[in-house]
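What follows is a set of notes on a single structure, which appears directly below.
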Amino acid sequence: MGRVVAVDWSGRSGAGQRRVIWVAEVAGGELVRLENGRTRDEVVDWLIATATPDLVVGMDFAFSLPAWYLRERGLTARGLWAALAGEALTPVMRERGLARWLAEPEPPFWRTRKADSGLRPGQEFRRTEEVARAAGYPAKSVFQLVGAGQVGRGSLHGMRALHRLAAAGFRVWPFDPPRPPFVAEVYPRMFTGGVTKSDRAARARAVTALPERFRPIAASTEDAFDAAMTAIAMAAGDPGGAGDALEGRIWGC
């Protein structure tokens, strides 16, 4: 694989994004970039500005919602991205804007108790998340907007980014064929093995194969570690077979 960029994404608001969003780049099989300092919008600007014909991008947020939710609303995945880009997934979101809506979301999204979501058995997860969970990876539901490890906030912001990237000519796998430049959904925990990511010493032991100048950076935070390990793993593999045309698919699931 040619040039690979992994983005450790975040749903955080404000200037804090610059600290927790990390970009790692692999070229020629070697890590050549590992940095933070950009907001979500600035990451998308950078990807568009630096896109090359061999570019593959991994982004760690859900690219879609469970199929039943989309079918009930007559949405395709691209229609979902467009609705979120316009902050108009629901009439209430159109009235309040995404930021205020995230503070008081409508079911099946939830912030306080899952019991308030109205979710029925089989509705919480996409098929690809169920596959990940069956393999021992604790994938969260996109409907969950609170708590440790939640991906909902970042995913809703991320789908807005997909709308921009697709408009700029990026393919989005598996909704498009995996021909560069393309973007794929990744789950970093699948690439970091059994490392206790909260333990800096454990992170440091896990990055000894990286170029020396990047080792302390990769070990410095969980976000930097995830970006680096994801980019390395993506450069050595491929996303896998076809995914669901509505729900999408995590790389390798």
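Each chain in the structure tokens gets a letter, A, B and so on, in the order shown; residues start at 1 in every chain, and ligands are counted from 1 in the order they appear.
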**Report entry** Residue set, stretch 90-205 of chain A restricted to strand (DSSP E or B), as a ChimeraX atom specification
**Finding:** /A:110,144,171-172,182-185
Please, could you write that set of residues out with all heavy atoms as a PDB file, in the first residue's frame?
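So the final result, stored in again29.pdb, reads:
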ATOM      1  N   TRP A 110     -28.859   8.661  23.318  1.00  0.00           N
ATOM      2  CA  TRP A 110     -29.060   8.860  24.751  1.00  0.00           C
ATOM      3  C   TRP A 110     -27.801   9.378  25.431  1.00  0.00           C
ATOM      4  O   TRP A 110     -26.691   9.106  24.998  1.00  0.00           O
ATOM      5  CB  TRP A 110     -29.522   7.559  25.417  1.00  0.00           C
ATOM      6  CG  TRP A 110     -28.608   6.387  25.252  1.00  0.00           C
ATOM      7  CD1 TRP A 110     -28.526   5.550  24.191  1.00  0.00           C
ATOM      8  CD2 TRP A 110     -27.641   5.917  26.198  1.00  0.00           C
ATOM      9  NE1 TRP A 110     -27.565   4.588  24.407  1.00  0.00           N
ATOM     10  CE2 TRP A 110     -27.019   4.788  25.625  1.00  0.00           C
ATOM     11  CE3 TRP A 110     -27.252   6.344  27.475  1.00  0.00           C
ATOM     12  CZ2 TRP A 110     -26.025   4.076  26.282  1.00  0.00           C
ATOM     13  CZ3 TRP A 110     -26.252   5.639  28.130  1.00  0.00           C
ATOM     14  CH2 TRP A 110     -25.661   4.512  27.536  1.00  0.00           C
ATOM     15  N   GLN A 144     -24.978   5.918  21.756  1.00  0.00           N
ATOM     16  CA  GLN A 144     -24.502   6.315  23.084  1.00  0.00           C
ATOM     17  C   GLN A 144     -23.681   7.586  22.978  1.00  0.00           C
ATOM     18  O   GLN A 144     -22.651   7.624  22.295  1.00  0.00           O
ATOM     19  CB  GLN A 144     -23.656   5.199  23.701  1.00  0.00           C
ATOM     20  CG  GLN A 144     -23.117   5.518  25.084  1.00  0.00           C
ATOM     21  CD  GLN A 144     -22.285   4.391  25.661  1.00  0.00           C
ATOM     22  OE1 GLN A 144     -22.365   3.254  25.208  1.00  0.00           O
ATOM     23  NE2 GLN A 144     -21.471   4.705  26.652  1.00  0.00           N
ATOM     24  N   ARG A 171     -13.100   8.514  -2.205  1.00  0.00           N
ATOM     25  CA  ARG A 171     -14.036   7.402  -2.093  1.00  0.00           C
ATOM     26  C   ARG A 171     -14.145   7.032  -0.617  1.00  0.00           C
ATOM     27  O   ARG A 171     -13.194   7.205   0.141  1.00  0.00           O
ATOM     28  CB  ARG A 171     -13.556   6.214  -2.927  1.00  0.00           C
ATOM     29  CG  ARG A 171     -13.467   6.545  -4.414  1.00  0.00           C
ATOM     30  CD  ARG A 171     -12.861   5.399  -5.207  1.00  0.00           C
ATOM     31  NE  ARG A 171     -12.733   5.760  -6.603  1.00  0.00           N
ATOM     32  CZ  ARG A 171     -11.672   6.367  -7.140  1.00  0.00           C
ATOM     33  NH1 ARG A 171     -10.640   6.672  -6.361  1.00  0.00           N
ATOM     34  NH2 ARG A 171     -11.636   6.668  -8.415  1.00  0.00           N
ATOM     35  N   VAL A 172     -15.308   6.526  -0.237  1.00  0.00           N
ATOM     36  CA  VAL A 172     -15.536   6.138   1.157  1.00  0.00           C
ATOM     37  C   VAL A 172     -15.901   4.663   1.158  1.00  0.00           C
ATOM     38  O   VAL A 172     -16.982   4.273   0.698  1.00  0.00           O
ATOM     39  CB  VAL A 172     -16.643   6.984   1.813  1.00  0.00           C
ATOM     40  CG1 VAL A 172     -16.799   6.585   3.285  1.00  0.00           C
ATOM     41  CG2 VAL A 172     -16.340   8.473   1.703  1.00  0.00           C
ATOM     42  N   PHE A 182      -9.009   6.879  -0.796  1.00  0.00           N
ATOM     43  CA  PHE A 182     -10.238   6.459  -0.132  1.00  0.00           C
ATOM     44  C   PHE A 182     -10.085   6.529   1.384  1.00  0.00           C
ATOM     45  O   PHE A 182      -8.976   6.575   1.916  1.00  0.00           O
ATOM     46  CB  PHE A 182     -10.690   5.070  -0.598  1.00  0.00           C
ATOM     47  CG  PHE A 182      -9.951   3.889  -0.023  1.00  0.00           C
ATOM     48  CD1 PHE A 182     -10.372   3.274   1.161  1.00  0.00           C
ATOM     49  CD2 PHE A 182      -8.863   3.343  -0.687  1.00  0.00           C
ATOM     50  CE1 PHE A 182      -9.720   2.163   1.668  1.00  0.00           C
ATOM     51  CE2 PHE A 182      -8.197   2.232  -0.195  1.00  0.00           C
ATOM     52  CZ  PHE A 182      -8.631   1.637   0.999  1.00  0.00           C
ATOM     53  N   VAL A 183     -11.235   6.579   2.040  1.00  0.00           N
ATOM     54  CA  VAL A 183     -11.321   6.678   3.496  1.00  0.00           C
ATOM     55  C   VAL A 183     -11.989   5.420   4.019  1.00  0.00           C
ATOM     56  O   VAL A 183     -12.979   4.946   3.432  1.00  0.00           O
ATOM     57  CB  VAL A 183     -12.148   7.912   3.922  1.00  0.00           C
ATOM     58  CG1 VAL A 183     -12.070   8.118   5.428  1.00  0.00           C
ATOM     59  CG2 VAL A 183     -11.692   9.149   3.191  1.00  0.00           C
ATOM     60  N   ALA A 184     -11.496   4.865   5.102  1.00  0.00           N
ATOM     61  CA  ALA A 184     -12.072   3.666   5.708  1.00  0.00           C
ATOM     62  C   ALA A 184     -12.235   3.866   7.203  1.00  0.00           C
ATOM     63  O   ALA A 184     -11.461   4.595   7.833  1.00  0.00           O
ATOM     64  CB  ALA A 184     -11.187   2.444   5.439  1.00  0.00           C
ATOM     65  N   GLU A 185     -13.246   3.216   7.750  1.00  0.00           N
ATOM     66  CA  GLU A 185     -13.490   3.246   9.198  1.00  0.00           C
ATOM     67  C   GLU A 185     -12.557   2.265   9.893  1.00  0.00           C
ATOM     68  O   GLU A 185     -12.443   1.103   9.481  1.00  0.00           O
ATOM     69  CB  GLU A 185     -14.940   2.866   9.475  1.00  0.00           C
ATOM     70  CG  GLU A 185     -15.296   2.797  10.950  1.00  0.00           C
ATOM     71  CD  GLU A 185     -16.740   2.381  11.195  1.00  0.00           C
ATOM     72  OE1 GLU A 185     -17.561   2.413  10.259  1.00  0.00           O
ATOM     73  OE2 GLU A 185     -17.046   2.014  12.346  1.00  0.00           O
TER      74      GLU A 185
END
Requested in this report: Taking the chain letters and numbering used in this document, name the residues of stretch 82-217 of chain A that DSSP puts in alpha helix (DSSP H), as a PyMOL selection string.
Outcome: chain A and resi 82-85+91-96+98-103+127-134+152-167+200-206+215-217
**Report entry** Computed interatomic separation between atom CA of A:Arg120 and atom CA of A:Pro108 (Å)
**Finding:** 9.6 Å
Requested in this report: Using only C-alpha atoms, determine which residues lie at most 8 Å from A:Leu84, disregarding the query and same-chain residues fewer than 5 positions distant; provide the list as a ChimeraX atom specification.
Outcome: /A:89,98,156-157,159-160
Report task. Find the residues around stretch 123-127 of chain A up to 10 Å (only C-alpha atoms counted), leave out those fewer than 6 positions away in its own chain, and share them as number ranges by chain. Result -> A: 62, 64-69, 108-109, 114, 117, 133, 139-144, 243-244, 246-250, 253
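With only C-alpha atoms as the atoms that count, the minimum distance from A:Gly152 to the choices A:Ala228, A:Leu102, A:Leu165, A:Ala233 is reached by A:Leu102.
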Report task. Extract, using only C-alpha atoms, all DNA, RNA and protein residues at most 10 Å from A:Ala242, discarding same-chain residues fewer than 4 positions from it, and format them as a PyMOL selection string. Result -> chain A and resi 173-178+248-249
Contacts of stretch 193-207 of chain A at 8 Å or less, counting only C-alpha atoms, minus same-chain residues fewer than 3 places along, as a PDB file with C-alpha atoms, in the first residue's frame?
ATOM      1  CA  ARG A 189      -8.142  -1.360  19.620  1.00  0.00           C
ATOM      2  CA  MET A 190      -7.907  -4.019  16.895  1.00  0.00           C
ATOM      3  CA  LEU A 210       9.042   2.723  15.294  1.00  0.00           C
ATOM      4  CA  ARG A 215       8.884   6.616  19.925  1.00  0.00           C
ATOM      5  CA  PRO A 216       8.479   9.173  22.741  1.00  0.00           C
ATOM      6  CA  ALA A 218       3.804   7.654  20.210  1.00  0.00           C
ATOM      7  CA  ALA A 219       4.119   6.670  23.857  1.00  0.00           C
ATOM      8  CA  SER A 220       3.134  10.096  25.169  1.00  0.00           C
ATOM      9  CA  THR A 221      -0.657   9.694  25.011  1.00  0.00           C
ATOM     10  CA  GLU A 222      -3.210   7.009  24.153  1.00  0.00           C
ATOM     11  CA  PHE A 225      -0.331   5.695  20.307  1.00  0.00           C
TER      12      PHE A 225
END
Stretch 2-17 of chain A environment, 8 Å, only C-alpha atoms, sequence neighbours closer than 2 positions dropped, as a PDB file with N, CA, C and O atoms, in the first residue's frame:
ATOM      1  N   ARG A  19      -5.548  19.162  20.906  1.00  0.00           N
ATOM      2  CA  ARG A  19      -4.685  18.331  21.761  1.00  0.00           C
ATOM      3  C   ARG A  19      -4.930  16.851  21.552  1.00  0.00           C
ATOM      4  O   ARG A  19      -3.978  16.055  21.610  1.00  0.00           O
ATOM      5  N   VAL A  20      -6.170  16.457  21.300  1.00  0.00           N
ATOM      6  CA  VAL A  20      -6.512  15.032  21.312  1.00  0.00           C
ATOM      7  C   VAL A  20      -6.659  14.414  19.934  1.00  0.00           C
ATOM      8  O   VAL A  20      -6.714  13.190  19.819  1.00  0.00           O
ATOM      9  N   ILE A  21      -6.735  15.212  18.884  1.00  0.00           N
ATOM     10  CA  ILE A  21      -6.805  14.663  17.529  1.00  0.00           C
ATOM     11  C   ILE A  21      -5.384  14.517  16.996  1.00  0.00           C
ATOM     12  O   ILE A  21      -4.634  15.487  16.911  1.00  0.00           O
ATOM     13  N   TRP A  22      -5.031  13.295  16.640  1.00  0.00           N
ATOM     14  CA  TRP A  22      -3.680  12.990  16.156  1.00  0.00           C
ATOM     15  C   TRP A  22      -3.726  12.435  14.742  1.00  0.00           C
ATOM     16  O   TRP A  22      -4.657  11.706  14.372  1.00  0.00           O
ATOM     17  N   VAL A  23      -2.702  12.756  13.983  1.00  0.00           N
ATOM     18  CA  VAL A  23      -2.546  12.267  12.615  1.00  0.00           C
ATOM     19  C   VAL A  23      -1.218  11.520  12.534  1.00  0.00           C
ATOM     20  O   VAL A  23      -0.176  12.050  12.933  1.00  0.00           O
ATOM     21  N   ALA A  24      -1.268  10.285  12.021  1.00  0.00           N
ATOM     22  CA  ALA A  24      -0.054   9.506  11.766  1.00  0.00           C
ATOM     23  C   ALA A  24      -0.010   9.169  10.287  1.00  0.00           C
ATOM     24  O   ALA A  24      -1.040   8.847   9.686  1.00  0.00           O
ATOM     25  N   GLU A  25       1.160   9.245   9.701  1.00  0.00           N
ATOM     26  CA  GLU A  25       1.313   8.941   8.277  1.00  0.00           C
ATOM     27  C   GLU A  25       2.440   7.942   8.066  1.00  0.00           C
ATOM     28  O   GLU A  25       3.526   8.071   8.645  1.00  0.00           O
ATOM     29  N   VAL A  26       2.167   6.952   7.232  1.00  0.00           N
ATOM     30  CA  VAL A  26       3.154   5.953   6.840  1.00  0.00           C
ATOM     31  C   VAL A  26       3.369   6.067   5.335  1.00  0.00           C
ATOM     32  O   VAL A  26       2.403   6.106   4.564  1.00  0.00           O
ATOM     33  N   ALA A  27       4.605   6.127   4.918  1.00  0.00           N
ATOM     34  CA  ALA A  27       4.962   6.137   3.500  1.00  0.00           C
ATOM     35  C   ALA A  27       6.140   5.194   3.307  1.00  0.00           C
ATOM     36  O   ALA A  27       7.081   5.197   4.113  1.00  0.00           O
ATOM     37  N   GLY A  28       6.072   4.390   2.269  1.00  0.00           N
ATOM     38  CA  GLY A  28       7.152   3.428   2.051  1.00  0.00           C
ATOM     39  C   GLY A  28       7.297   2.446   3.183  1.00  0.00           C
ATOM     40  O   GLY A  28       8.390   1.934   3.434  1.00  0.00           O
ATOM     41  N   GLY A  29       6.211   2.177   3.897  1.00  0.00           N
ATOM     42  CA  GLY A  29       6.235   1.215   4.984  1.00  0.00           C
ATOM     43  C   GLY A  29       6.787   1.751   6.290  1.00  0.00           C
ATOM     44  O   GLY A  29       6.928   0.996   7.255  1.00  0.00           O
ATOM     45  N   GLY A  37      -2.573  19.054  16.910  1.00  0.00           N
ATOM     46  CA  GLY A  37      -2.597  20.490  16.695  1.00  0.00           C
ATOM     47  C   GLY A  37      -3.673  20.980  15.752  1.00  0.00           C
ATOM     48  O   GLY A  37      -3.792  22.192  15.524  1.00  0.00           O
ATOM     49  N   ARG A  38      -4.480  20.057  15.185  1.00  0.00           N
ATOM     50  CA  ARG A  38      -5.542  20.464  14.273  1.00  0.00           C
ATOM     51  C   ARG A  38      -6.916  20.199  14.876  1.00  0.00           C
ATOM     52  O   ARG A  38      -7.100  19.253  15.646  1.00  0.00           O
ATOM     53  N   THR A  39      -7.882  20.994  14.482  1.00  0.00           N
ATOM     54  CA  THR A  39      -9.283  20.710  14.794  1.00  0.00           C
ATOM     55  C   THR A  39      -9.814  19.713  13.774  1.00  0.00           C
ATOM     56  O   THR A  39      -9.136  19.385  12.776  1.00  0.00           O
ATOM     57  N   ARG A  40     -11.046  19.254  13.980  1.00  0.00           N
ATOM     58  CA  ARG A  40     -11.650  18.338  13.007  1.00  0.00           C
ATOM     59  C   ARG A  40     -11.693  18.964  11.615  1.00  0.00           C
ATOM     60  O   ARG A  40     -11.311  18.331  10.626  1.00  0.00           O
ATOM     61  N   ASP A  54      -2.403   7.805  -4.291  1.00  0.00           N
ATOM     62  CA  ASP A  54      -2.183   6.554  -3.564  1.00  0.00           C
ATOM     63  C   ASP A  54      -2.609   6.638  -2.105  1.00  0.00           C
ATOM     64  O   ASP A  54      -2.302   5.747  -1.305  1.00  0.00           O
ATOM     65  N   LEU A  55      -3.355   7.675  -1.725  1.00  0.00           N
ATOM     66  CA  LEU A  55      -3.666   7.919  -0.313  1.00  0.00           C
ATOM     67  C   LEU A  55      -4.808   7.041   0.196  1.00  0.00           C
ATOM     68  O   LEU A  55      -5.874   6.964  -0.413  1.00  0.00           O
ATOM     69  N   VAL A  56      -4.567   6.412   1.345  1.00  0.00           N
ATOM     70  CA  VAL A  56      -5.596   5.668   2.078  1.00  0.00           C
ATOM     71  C   VAL A  56      -5.668   6.261   3.478  1.00  0.00           C
ATOM     72  O   VAL A  56      -4.641   6.421   4.140  1.00  0.00           O
ATOM     73  N   VAL A  57      -6.878   6.588   3.917  1.00  0.00           N
ATOM     74  CA  VAL A  57      -7.073   7.251   5.205  1.00  0.00           C
ATOM     75  C   VAL A  57      -7.939   6.377   6.103  1.00  0.00           C
ATOM     76  O   VAL A  57      -9.002   5.907   5.686  1.00  0.00           O
ATOM     77  N   GLY A  58      -7.504   6.175   7.335  1.00  0.00           N
ATOM     78  CA  GLY A  58      -8.311   5.489   8.347  1.00  0.00           C
ATOM     79  C   GLY A  58      -8.777   6.492   9.382  1.00  0.00           C
ATOM     80  O   GLY A  58      -7.972   7.276   9.892  1.00  0.00           O
ATOM     81  N   MET A  59     -10.077   6.476   9.687  1.00  0.00           N
ATOM     82  CA  MET A  59     -10.633   7.414  10.670  1.00  0.00           C
ATOM     83  C   MET A  59     -11.450   6.618  11.676  1.00  0.00           C
ATOM     84  O   MET A  59     -12.285   5.781  11.294  1.00  0.00           O
ATOM     85  N   ASP A  60     -11.225   6.897  12.981  1.00  0.00           N
ATOM     86  CA  ASP A  60     -11.805   6.022  14.013  1.00  0.00           C
ATOM     87  C   ASP A  60     -13.127   6.563  14.556  1.00  0.00           C
ATOM     88  O   ASP A  60     -13.238   6.962  15.708  1.00  0.00           O
ATOM     89  N   PHE A  61     -14.120   6.527  13.695  1.00  0.00           N
ATOM     90  CA  PHE A  61     -15.495   6.797  14.115  1.00  0.00           C
ATOM     91  C   PHE A  61     -16.419   5.970  13.228  1.00  0.00           C
ATOM     92  O   PHE A  61     -16.001   5.469  12.175  1.00  0.00           O
ATOM     93  N   VAL A 151     -18.463   6.603  21.299  1.00  0.00           N
ATOM     94  CA  VAL A 151     -18.037   7.081  19.979  1.00  0.00           C
ATOM     95  C   VAL A 151     -19.118   7.909  19.289  1.00  0.00           C
ATOM     96  O   VAL A 151     -18.898   8.404  18.186  1.00  0.00           O
ATOM     97  N   GLY A 152     -20.277   8.063  19.925  1.00  0.00           N
ATOM     98  CA  GLY A 152     -21.398   8.696  19.257  1.00  0.00           C
ATOM     99  C   GLY A 152     -21.130  10.128  18.830  1.00  0.00           C
ATOM    100  O   GLY A 152     -21.381  10.499  17.679  1.00  0.00           O
ATOM    101  N   ARG A 153     -20.627  10.943  19.741  1.00  0.00           N
ATOM    102  CA  ARG A 153     -20.406  12.355  19.418  1.00  0.00           C
ATOM    103  C   ARG A 153     -19.394  12.502  18.281  1.00  0.00           C
ATOM    104  O   ARG A 153     -19.623  13.235  17.313  1.00  0.00           O
ATOM    105  N   GLY A 154     -18.274  11.802  18.405  1.00  0.00           N
ATOM    106  CA  GLY A 154     -17.270  11.875  17.359  1.00  0.00           C
ATOM    107  C   GLY A 154     -17.779  11.358  16.030  1.00  0.00           C
ATOM    108  O   GLY A 154     -17.410  11.876  14.967  1.00  0.00           O
ATOM    109  N   SER A 155     -18.637  10.337  16.067  1.00  0.00           N
ATOM    110  CA  SER A 155     -19.154   9.759  14.832  1.00  0.00           C
ATOM    111  C   SER A 155     -20.094  10.721  14.114  1.00  0.00           C
ATOM    112  O   SER A 155     -20.037  10.861  12.884  1.00  0.00           O
ATOM    113  N   HIS A 157     -20.070  13.990  14.288  1.00  0.00           N
ATOM    114  CA  HIS A 157     -19.194  14.996  13.680  1.00  0.00           C
ATOM    115  C   HIS A 157     -18.416  14.391  12.505  1.00  0.00           C
ATOM    116  O   HIS A 157     -18.197  15.062  11.486  1.00  0.00           O
ATOM    117  N   GLY A 158     -18.005  13.145  12.651  1.00  0.00           N
ATOM    118  CA  GLY A 158     -17.228  12.499  11.603  1.00  0.00           C
ATOM    119  C   GLY A 158     -18.003  12.301  10.320  1.00  0.00           C
ATOM    120  O   GLY A 158     -17.446  12.436   9.214  1.00  0.00           O
ATOM    121  N   ASP A 223      -3.938   8.668  22.524  1.00  0.00           N
ATOM    122  CA  ASP A 223      -4.381   9.118  21.214  1.00  0.00           C
ATOM    123  C   ASP A 223      -3.242   9.031  20.191  1.00  0.00           C
ATOM    124  O   ASP A 223      -3.434   8.555  19.070  1.00  0.00           O
ATOM    125  N   ALA A 224      -2.061   9.496  20.578  1.00  0.00           N
ATOM    126  CA  ALA A 224      -0.908   9.404  19.687  1.00  0.00           C
ATOM    127  C   ALA A 224      -0.563   7.944  19.411  1.00  0.00           C
ATOM    128  O   ALA A 224      -0.252   7.563  18.268  1.00  0.00           O
ATOM    129  N   ASP A 226      -2.589   5.321  19.479  1.00  0.00           N
ATOM    130  CA  ASP A 226      -3.593   4.739  18.587  1.00  0.00           C
ATOM    131  C   ASP A 226      -3.353   5.140  17.139  1.00  0.00           C
ATOM    132  O   ASP A 226      -3.441   4.302  16.226  1.00  0.00           O
ATOM    133  N   ALA A 227      -3.064   6.410  16.909  1.00  0.00           N
ATOM    134  CA  ALA A 227      -2.840   6.871  15.540  1.00  0.00           C
ATOM    135  C   ALA A 227      -1.651   6.157  14.916  1.00  0.00           C
ATOM    136  O   ALA A 227      -1.728   5.659  13.775  1.00  0.00           O
ATOM    137  N   ALA A 228      -0.540   6.085  15.643  1.00  0.00           N
ATOM    138  CA  ALA A 228       0.664   5.465  15.103  1.00  0.00           C
ATOM    139  C   ALA A 228       0.463   3.985  14.812  1.00  0.00           C
ATOM    140  O   ALA A 228       0.798   3.500  13.715  1.00  0.00           O
ATOM    141  N   THR A 230      -2.284   2.333  14.363  1.00  0.00           N
ATOM    142  CA  THR A 230      -3.287   2.114  13.324  1.00  0.00           C
ATOM    143  C   THR A 230      -2.684   2.320  11.941  1.00  0.00           C
ATOM    144  O   THR A 230      -2.912   1.519  11.025  1.00  0.00           O
ATOM    145  N   ALA A 231      -1.918   3.391  11.767  1.00  0.00           N
ATOM    146  CA  ALA A 231      -1.306   3.651  10.459  1.00  0.00           C
ATOM    147  C   ALA A 231      -0.365   2.521  10.054  1.00  0.00           C
ATOM    148  O   ALA A 231      -0.372   2.074   8.896  1.00  0.00           O
ATOM    149  N   MET A 234      -2.506  -0.556   9.096  1.00  0.00           N
ATOM    150  CA  MET A 234      -3.191  -0.377   7.815  1.00  0.00           C
ATOM    151  C   MET A 234      -2.239  -0.530   6.637  1.00  0.00           C
ATOM    152  O   MET A 234      -2.587  -1.115   5.608  1.00  0.00           O
ATOM    153  N   ALA A 235      -1.032  -0.010   6.776  1.00  0.00           N
ATOM    154  CA  ALA A 235      -0.061  -0.080   5.690  1.00  0.00           C
ATOM    155  C   ALA A 235       0.331  -1.514   5.369  1.00  0.00           C
ATOM    156  O   ALA A 235       0.766  -1.808   4.247  1.00  0.00           O
TER     157      ALA A 235
END
